[in-house]
>>> print(open('input-v2.cif').read())   # mmCIF, C-alpha atoms and all ligand atoms
data_coords
#
loop_
_atom_site.label_atom_id
_atom_site.label_comp_id
_atom_site.auth_asym_id
_atom_site.auth_seq_id
_atom_site.Cartn_x
_atom_site.Cartn_y
_atom_site.Cartn_z
CA MET A 195 15.27 7.82 -21.64
CA SER A 196 13.91 9.36 -18.43
CA ALA A 197 13.04 7.03 -15.58
CA ARG A 198 9.52 5.65 -15.29
CA VAL A 199 7.55 7.25 -12.46
CA ALA A 200 6.31 5.21 -9.50
CA VAL A 201 3.65 6.74 -7.26
CA ILE A 202 3.56 5.32 -3.74
CA THR A 203 0.81 6.35 -1.31
CA GLY A 204 1.43 6.36 2.42
CA ALA A 205 5.13 6.75 1.60
CA ALA A 206 6.14 8.90 4.58
CA ARG A 207 6.87 5.92 6.82
CA GLY A 208 6.66 2.17 7.32
CA ILE A 209 5.99 -0.10 4.35
CA GLY A 210 5.39 2.82 1.95
CA ALA A 211 8.78 4.36 2.72
CA GLY A 212 10.43 0.94 2.27
CA VAL A 213 8.70 0.50 -1.10
CA ALA A 214 9.76 4.01 -2.19
CA ARG A 215 13.41 3.29 -1.33
CA ARG A 216 13.31 -0.07 -3.13
CA LEU A 217 11.62 1.18 -6.32
CA ALA A 218 14.14 4.08 -6.41
CA GLU A 219 16.95 1.48 -6.26
CA ASP A 220 15.18 -0.33 -9.12
CA GLY A 221 15.52 2.85 -11.21
CA PHE A 222 12.08 4.45 -10.88
CA ALA A 223 11.57 8.17 -10.23
CA ILE A 224 9.53 8.30 -7.03
CA ALA A 225 6.42 10.33 -6.26
CA ALA A 226 6.12 9.89 -2.49
CA VAL A 227 2.52 10.62 -1.52
CA ASP A 228 1.21 11.09 2.01
CA LEU A 229 -1.16 13.41 3.87
CA SER A 230 1.49 16.17 3.67
CA ALA A 231 4.44 16.65 1.35
CA ASP A 232 6.56 17.67 4.37
CA SER A 233 6.09 14.27 6.03
CA CYS A 234 7.66 12.66 2.92
CA GLU A 235 10.81 14.79 3.10
CA PRO A 236 12.96 12.29 5.07
CA VAL A 237 12.42 9.48 2.53
CA VAL A 238 12.70 11.88 -0.42
CA GLU A 239 16.02 13.18 0.94
CA GLU A 240 17.28 9.63 1.54
CA ILE A 241 16.49 8.62 -2.05
CA ARG A 242 18.14 11.76 -3.46
CA ALA A 243 21.22 11.25 -1.28
CA ALA A 244 21.54 7.75 -2.77
CA GLY A 245 21.47 9.24 -6.29
CA GLY A 246 17.79 8.66 -7.08
CA THR A 247 14.96 10.97 -8.10
CA ALA A 248 12.09 11.67 -5.72
CA MET A 249 9.50 14.31 -4.87
CA GLY A 250 6.96 14.49 -2.05
CA PHE A 251 3.27 15.24 -2.65
CA GLY A 252 0.53 15.93 -0.09
CA ILE A 253 -2.59 14.07 -1.22
CA ASP A 254 -5.40 12.71 0.95
CA VAL A 255 -6.20 9.62 -1.13
CA SER A 256 -9.84 9.62 0.01
CA ASP A 257 -10.43 13.15 -1.34
CA GLU A 258 -11.53 13.08 -4.98
CA ALA A 259 -10.48 16.65 -5.83
CA ALA A 260 -7.11 16.27 -4.05
CA VAL A 261 -6.41 13.05 -5.95
CA ALA A 262 -7.25 14.57 -9.35
CA ALA A 263 -5.09 17.65 -8.65
CA GLY A 264 -2.32 15.51 -7.12
CA ILE A 265 -2.02 13.11 -10.07
CA ASP A 266 -1.95 16.13 -12.42
CA ALA A 267 0.83 17.70 -10.33
CA ILE A 268 2.85 14.44 -10.36
CA ALA A 269 2.44 14.09 -14.14
CA SER A 270 3.53 17.66 -14.83
CA ARG A 271 6.37 17.90 -12.28
CA LEU A 272 7.82 14.38 -12.43
CA GLY A 273 6.21 12.54 -15.35
CA ALA A 274 3.24 10.30 -16.12
CA PRO A 275 2.67 7.62 -13.47
CA ALA A 276 3.71 4.18 -14.76
CA VAL A 277 3.53 2.37 -11.41
CA LEU A 278 0.97 3.00 -8.67
CA VAL A 279 1.37 1.44 -5.24
CA ASN A 280 -1.87 1.81 -3.26
CA ASN A 281 -0.39 1.53 0.21
CA ALA A 282 -1.91 4.33 2.34
CA GLY A 283 -3.85 2.88 5.22
CA ILE A 284 -5.36 3.42 8.64
CA LEU A 285 -6.77 1.24 11.39
CA ARG A 286 -9.91 1.87 13.45
CA ASP A 287 -10.13 -1.52 15.19
CA ASN A 288 -13.04 -2.42 17.43
CA ALA A 289 -15.33 -5.33 18.15
CA LEU A 290 -18.30 -5.15 15.80
CA PHE A 291 -20.79 -4.20 18.54
CA ARG A 292 -18.59 -1.24 19.49
CA MET A 293 -17.57 -0.21 15.96
CA SER A 294 -18.91 3.25 15.11
CA THR A 295 -20.16 4.16 11.66
CA SER A 296 -17.32 6.63 11.42
CA ASP A 297 -14.77 3.86 12.23
CA TRP A 298 -16.29 1.90 9.33
CA ASP A 299 -16.45 4.84 6.91
CA SER A 300 -12.91 6.11 7.58
CA VAL A 301 -11.30 2.72 6.98
CA ILE A 302 -13.34 2.00 3.85
CA GLY A 303 -12.70 5.60 2.75
CA VAL A 304 -8.90 5.46 2.89
CA HIS A 305 -8.35 1.87 1.71
CA LEU A 306 -11.12 1.21 -0.81
CA ARG A 307 -12.25 4.66 -1.96
CA GLY A 308 -8.61 5.85 -1.85
CA ALA A 309 -7.36 2.98 -4.02
CA PHE A 310 -10.28 3.50 -6.41
CA LEU A 311 -9.66 7.26 -6.78
CA MET A 312 -5.88 6.94 -7.16
CA THR A 313 -6.17 4.05 -9.63
CA ARG A 314 -8.82 5.72 -11.77
CA ALA A 315 -6.70 8.87 -12.04
CA ALA A 316 -3.38 7.05 -12.65
CA GLN A 317 -4.64 4.50 -15.18
CA ALA A 318 -5.52 7.30 -17.61
CA HIS A 319 -1.76 7.92 -17.95
CA MET A 320 -0.87 4.21 -18.03
CA THR A 321 -3.33 3.38 -20.83
CA GLY A 322 -1.86 6.27 -22.84
CA MET A 323 1.63 4.78 -22.45
CA GLY A 324 0.49 1.19 -23.04
CA TRP A 325 2.36 0.15 -19.87
CA GLY A 326 1.44 0.18 -16.22
CA ARG A 327 1.70 -1.59 -12.89
CA ILE A 328 -0.92 -1.26 -10.14
CA ILE A 329 0.13 -2.85 -6.88
CA THR A 330 -2.21 -2.68 -3.92
CA MET A 331 -1.57 -3.48 -0.28
CA SER A 332 -4.06 -6.03 1.01
CA SER A 333 -3.43 -7.92 4.27
CA VAL A 334 -3.70 -11.33 5.88
CA SER A 335 -6.65 -9.69 7.67
CA ALA A 336 -8.58 -10.04 4.38
CA LEU A 337 -9.16 -13.62 5.58
CA GLY A 338 -10.81 -12.35 8.78
CA ASN A 339 -9.43 -10.96 12.03
CA ARG A 340 -11.13 -10.24 15.34
CA GLY A 341 -11.75 -6.52 15.86
CA GLN A 342 -11.18 -5.66 12.21
CA ALA A 343 -14.56 -6.01 10.45
CA ASN A 344 -13.95 -2.70 8.66
CA TYR A 345 -10.29 -3.38 7.78
CA SER A 346 -10.92 -7.03 6.74
CA ALA A 347 -13.76 -5.93 4.46
CA ALA A 348 -11.56 -3.26 2.89
CA LYS A 349 -8.56 -5.56 2.42
CA ALA A 350 -10.72 -8.36 0.92
CA GLY A 351 -12.46 -5.76 -1.25
CA LEU A 352 -9.11 -4.63 -2.61
CA GLN A 353 -8.44 -8.16 -3.85
CA GLY A 354 -11.71 -8.15 -5.84
CA PHE A 355 -10.94 -4.65 -7.08
CA THR A 356 -7.53 -5.85 -8.26
CA LYS A 357 -8.93 -8.86 -10.14
CA THR A 358 -11.32 -6.56 -11.99
CA LEU A 359 -8.52 -4.11 -12.83
CA ALA A 360 -6.56 -7.05 -14.25
CA ILE A 361 -9.51 -7.98 -16.48
CA GLU A 362 -10.26 -4.44 -17.66
CA LEU A 363 -6.73 -3.11 -18.09
CA GLY A 364 -4.76 -6.13 -19.31
CA LYS A 365 -5.12 -5.21 -22.95
CA PHE A 366 -3.40 -1.88 -22.26
CA GLY A 367 -0.21 -3.51 -20.97
CA ILE A 368 -1.25 -2.85 -17.37
CA THR A 369 -1.05 -5.49 -14.65
CA ALA A 370 -2.75 -5.29 -11.26
CA ASN A 371 -1.71 -7.34 -8.26
CA CYS A 372 -1.99 -7.31 -4.47
CA VAL A 373 0.61 -7.90 -1.81
CA ALA A 374 -0.94 -9.13 1.44
CA PRO A 375 1.49 -8.62 4.33
CA GLY A 376 1.39 -10.48 7.64
CA TYR A 377 2.91 -8.91 10.79
CA ILE A 378 5.26 -6.16 9.63
CA ASP A 379 7.19 -4.13 12.18
CA THR A 380 5.91 -0.56 11.60
CA ASP A 381 4.14 2.22 13.53
CA MET A 382 0.83 0.63 12.52
CA LEU A 383 1.72 -2.42 14.62
CA ARG A 384 2.74 -0.14 17.49
CA GLU A 385 -0.74 1.42 17.33
CA THR A 386 -2.32 -2.05 17.33
CA ALA A 387 -0.40 -2.93 20.51
CA GLU A 388 -1.42 0.35 22.17
CA ARG A 389 -5.08 -0.22 21.38
CA ALA A 390 -4.88 -3.74 22.79
CA GLY A 391 -3.29 -2.30 25.96
CA ILE A 392 -0.07 -4.31 25.55
CA THR A 393 3.52 -3.41 24.66
CA LEU A 394 4.98 -3.99 21.23
CA ASP A 395 7.21 -6.71 22.71
CA GLU A 396 4.14 -8.46 24.11
CA LEU A 397 2.46 -8.24 20.70
CA HIS A 398 5.58 -9.77 19.09
CA ALA A 399 5.60 -12.57 21.69
CA GLN A 400 1.92 -13.33 20.90
CA ALA A 401 2.47 -13.27 17.13
CA LEU A 402 5.79 -15.11 16.79
CA PRO A 403 4.62 -18.68 17.60
CA ASN A 404 2.29 -18.41 14.58
CA ILE A 405 5.00 -17.25 12.17
CA PRO A 406 6.86 -20.31 10.82
CA VAL A 407 9.97 -18.36 9.73
CA GLY A 408 10.28 -17.20 13.34
CA ARG A 409 10.51 -13.45 12.95
CA MET A 410 8.40 -10.37 12.33
CA GLY A 411 8.38 -9.01 8.79
CA THR A 412 10.07 -5.78 7.74
CA PRO A 413 9.10 -3.14 5.16
CA ASP A 414 11.95 -4.49 2.99
CA ASP A 415 10.24 -7.92 2.87
CA ILE A 416 7.15 -6.28 1.39
CA ALA A 417 9.15 -3.97 -0.88
CA ALA A 418 10.82 -7.02 -2.46
CA ALA A 419 7.41 -8.42 -3.47
CA VAL A 420 6.29 -5.04 -4.83
CA SER A 421 9.55 -4.78 -6.77
CA PHE A 422 8.79 -8.09 -8.49
CA PHE A 423 5.30 -7.03 -9.58
CA ALA A 424 6.66 -3.70 -10.89
CA ARG A 425 9.19 -5.32 -13.24
CA GLY A 426 8.82 -5.53 -16.99
CA GLU A 427 9.36 -9.30 -16.80
CA ALA A 428 6.27 -9.67 -14.57
CA SER A 429 3.99 -8.68 -17.47
CA PHE A 430 2.22 -12.10 -17.52
CA VAL A 431 1.40 -12.00 -13.78
CA THR A 432 -1.83 -10.17 -13.07
CA GLY A 433 -4.88 -10.35 -10.81
CA GLN A 434 -2.86 -12.15 -8.13
CA THR A 435 -2.51 -11.75 -4.39
CA LEU A 436 0.86 -12.66 -2.93
CA TYR A 437 0.73 -13.31 0.82
CA VAL A 438 3.97 -12.25 2.45
CA GLY A 439 3.61 -13.33 6.03
CA GLY A 440 6.45 -15.70 6.87
CA GLY A 441 4.22 -18.76 6.56
CA PRO A 442 2.17 -20.80 4.11
CA PHE A 443 -1.30 -19.83 5.33
CA GLY A 444 -2.34 -16.25 4.40
P1 LIG B 501 1.75 3.08 8.74
O1 LIG B 501 0.62 3.49 9.63
O2 LIG B 501 3.11 3.01 9.33
O3 LIG B 501 1.80 4.03 7.45
C1 LIG B 501 0.64 4.35 6.75
C2 LIG B 501 0.87 5.67 6.03
O4 LIG B 501 -0.34 5.99 5.30
C3 LIG B 501 1.12 6.85 6.99
O5 LIG B 501 2.29 7.56 6.60
C4 LIG B 501 -0.13 7.69 6.87
O6 LIG B 501 0.09 9.10 7.06
C5 LIG B 501 -0.57 7.38 5.44
N1 LIG B 501 -1.98 7.70 5.24
C6 LIG B 501 -3.02 7.40 6.05
N2 LIG B 501 -4.16 7.90 5.56
C7 LIG B 501 -3.84 8.52 4.39
C8 LIG B 501 -4.61 9.22 3.41
N3 LIG B 501 -5.93 9.40 3.56
N4 LIG B 501 -3.96 9.73 2.34
C9 LIG B 501 -2.62 9.57 2.19
N5 LIG B 501 -1.85 8.91 3.09
C10 LIG B 501 -2.46 8.40 4.18
O7 LIG B 501 1.30 1.69 8.11
P2 LIG B 501 2.16 0.47 7.49
O8 LIG B 501 2.30 -0.56 8.52
O9 LIG B 501 3.36 0.99 6.79
O10 LIG B 501 1.10 -0.09 6.44
C11 LIG B 501 1.10 0.26 5.06
C12 LIG B 501 0.02 -0.55 4.36
O11 LIG B 501 0.24 -1.94 4.57
C13 LIG B 501 -1.39 -0.25 4.84
O12 LIG B 501 -2.30 -0.32 3.77
C14 LIG B 501 -1.65 -1.39 5.80
O13 LIG B 501 -3.03 -1.63 5.95
C15 LIG B 501 -0.93 -2.52 5.13
N6 LIG B 501 -0.55 -3.61 6.03
C16 LIG B 501 0.28 -3.42 7.09
C17 LIG B 501 0.61 -4.49 7.92
C18 LIG B 501 1.54 -4.36 9.11
O14 LIG B 501 1.70 -5.33 9.85
N7 LIG B 501 2.18 -3.22 9.35
C19 LIG B 501 0.05 -5.75 7.67
C20 LIG B 501 -0.79 -5.91 6.59
C21 LIG B 501 -1.09 -4.83 5.77
#
>>> encode(input="input-v2.cif", output="structure tokens")
Amino acid sequence: MSARVAVITGAARGIGAGVARRLAEDGFAIAAVDLSADSCEPVVEEIRAAGGTAMGFGIDVSDEAAVAAGIDAIASRLGAPAVLVNNAGILRDNALFRMSTSDWDSVIGVHLRGAFLMTRAAQAHMTGMGWGRIITMSSVSALGNRGQANYSAAKAGLQGFTKTLAIELGKFGITANCVAPGYIDTDMLRETAERAGITLDELHAQALPNIPVGRMGTPDDIAAAVSFFARGEASFVTGQTLYVGGGPFG
């Protein structure tokens, strides 16, 4: 039997690349999606070198036509998507009074519209197979975070979106869950530090006292949670948000 296909958006780097590597180890064939197929080459090569199957696809998840064509290309070149990890994301942080309409629209566009478009296109294949896993990256910021009105709204919205997917798609053997990371050491965090005018080390020093396990998270920490939701044995777990932040409070 050929391997089930897992589609991971934002897979060129950071958490997405970690999830792609982990799901490849778990036996999935990987469709690594990012703004360009070229940017996915390093992770695709890494997975192939380890004996796995992977292909890179350039899809802007907020572009309806690109998503439709991209999911078709994945299905014909690799196989029907069985797992979708909605992970692509951007930040446009600013205090509310300074937040531009375009800062709002871009963040909602990539996170919420992107997850909607990718999920709507992928679920058509999953319902046909009677099996599917939709795993969406929320954030501890869903609970509110200064300077992130746009991002918090999107990440909280994704949790509501996920609960509704669980209700609508359960009867087709499809589960939908969110992983909500805390501070994870990726380029996104580097950008946060830059915008705040501090170094990454200073950002770590500010964050660490509030992380009970006493360290920053890694993409592998998040990939482990995604791996659980993607398993066959997780078929009775749906509509949930798992906070993975090194502490008990989202
Ligand atoms: P990252 O910035 O390192 O990677 C994000 C990836 O998404 C990039 O490769 C980027 O090119 C891609 N991307 C952006 N817009 C896209 C689009 N329109 N179409 C396709 N791809 C697009 O970020 P990360 O830290 O790896 O975060 C991954 C996810 O986890 C995001 O949804 C983020 O909001 C979430 N998250 C991250 C943290 C953290 O601390 N790093 C915490 C909570 C949640």
>>> atom_distance(input="input-v2.cif", atom1="atom C11 of ligand LIG 501 (chain B)", atom2="CA of Gly204 in chain A")
6.7 Å
>>> closest_residue(input="input-v2.cif", among="A:Leu278, A:Met410, A:Ala263, A:Leu217", to="Leu394 in chain A", atoms="only C-alpha atoms")
A:Met410
>>> residues_around(input="input-v2.cif", residues="Ala318 in chain A", least_positions_apart="4", cutoff="12 Å", atoms="all atoms listed in the file", output="PDB file with C-alpha atoms, keeping the file's coordinate frame")
ATOM      1  CA  ALA A 262      -7.250  14.570  -9.350  1.00  0.00           C
ATOM      2  CA  ILE A 265      -2.020  13.110 -10.070  1.00  0.00           C
ATOM      3  CA  ASP A 266      -1.950  16.130 -12.420  1.00  0.00           C
ATOM      4  CA  ALA A 269       2.440  14.090 -14.140  1.00  0.00           C
ATOM      5  CA  ALA A 274       3.240  10.300 -16.120  1.00  0.00           C
ATOM      6  CA  PRO A 275       2.670   7.620 -13.470  1.00  0.00           C
ATOM      7  CA  ALA A 276       3.710   4.180 -14.760  1.00  0.00           C
ATOM      8  CA  LEU A 278       0.970   3.000  -8.670  1.00  0.00           C
ATOM      9  CA  LEU A 311      -9.660   7.260  -6.780  1.00  0.00           C
ATOM     10  CA  MET A 312      -5.880   6.940  -7.160  1.00  0.00           C
ATOM     11  CA  THR A 313      -6.170   4.050  -9.630  1.00  0.00           C
ATOM     12  CA  ARG A 314      -8.820   5.720 -11.770  1.00  0.00           C
ATOM     13  CA  GLY A 322      -1.860   6.270 -22.840  1.00  0.00           C
ATOM     14  CA  MET A 323       1.630   4.780 -22.450  1.00  0.00           C
ATOM     15  CA  GLY A 324       0.490   1.190 -23.040  1.00  0.00           C
ATOM     16  CA  TRP A 325       2.360   0.150 -19.870  1.00  0.00           C
ATOM     17  CA  GLY A 326       1.440   0.180 -16.220  1.00  0.00           C
ATOM     18  CA  LEU A 363      -6.730  -3.110 -18.090  1.00  0.00           C
ATOM     19  CA  PHE A 366      -3.400  -1.880 -22.260  1.00  0.00           C
ATOM     20  CA  ILE A 368      -1.250  -2.850 -17.370  1.00  0.00           C
TER      21      ILE A 368
END
>>> residues_near_ligand(input="input-v2.cif", ligand="ligand LIG 501 (chain B)", cutoff="8 Å", atoms="all atoms listed in the file", output="PyMOL selection string")
chain A and resi 203-211+227-230+233+252-257+280-285+303-305+308+331-335+345+349+374-383+411+413
>>> atom_distance(input="input-v2.cif", atom1="CA of Phe251 in chain A", atom2="CA of Ala347 in chain A")
28.1 Å
>>> atom_distance(input="input-v2.cif", atom1="CA of Gly408 in chain A", atom2="CA of Thr435 in chain A")
22.5 Å
>>> closest_residue(input="input-v2.cif", among="A:Pro236, A:Gly250, A:Gly341, A:Gly354", to="Gly264 in chain A", atoms="all atoms listed in the file")
A:Gly250
>>> closest_residue(input="input-v2.cif", among="A:Ser296, A:Gln434, A:Asp220, A:Gly273", to="Thr358 in chain A", atoms="all atoms listed in the file")
A:Gln434
>>> closest_residue(input="input-v2.cif", among="A:Ser346, A:Asn404, A:Ser429, A:Thr412", to="Phe443 in chain A", atoms="all atoms listed in the file")
A:Asn404
>>> closest_residue(input="input-v2.cif", among="A:Ala387, A:Ile392, A:Ala316, A:Leu436", to="Gln353 in chain A", atoms="all atoms listed in the file")
A:Leu436
>>> residues_around(input="input-v2.cif", residues="Gly433 in chain A", least_positions_apart="5", cutoff="8 Å", atoms="only C-alpha atoms", output="PyMOL selection string")
chain A and resi 356-361+369-372
>>> residues_near_point(input="input-v2.cif", point="(24.0, 4.8, -2.7)", cutoff="12 Å", atoms="all atoms listed in the file", output="ChimeraX atom specification")
/A:215-216,218-219,240-246
>>> axis_aligned_box(input="input-v2.cif", around="range 227-231 of chain A", padding_each_side="5 Å", output="JSON")
{"center_x": 1.6, "center_y": 13.6, "center_z": 1.2, "size_x": 15.6, "size_y": 16.0, "size_z": 15.4}
>>> closest_residue(input="input-v2.cif", among="A:Leu337, A:Phe430, A:Thr386, A:Phe423", to="Gly444 in chain A", atoms="only C-alpha atoms")
A:Leu337
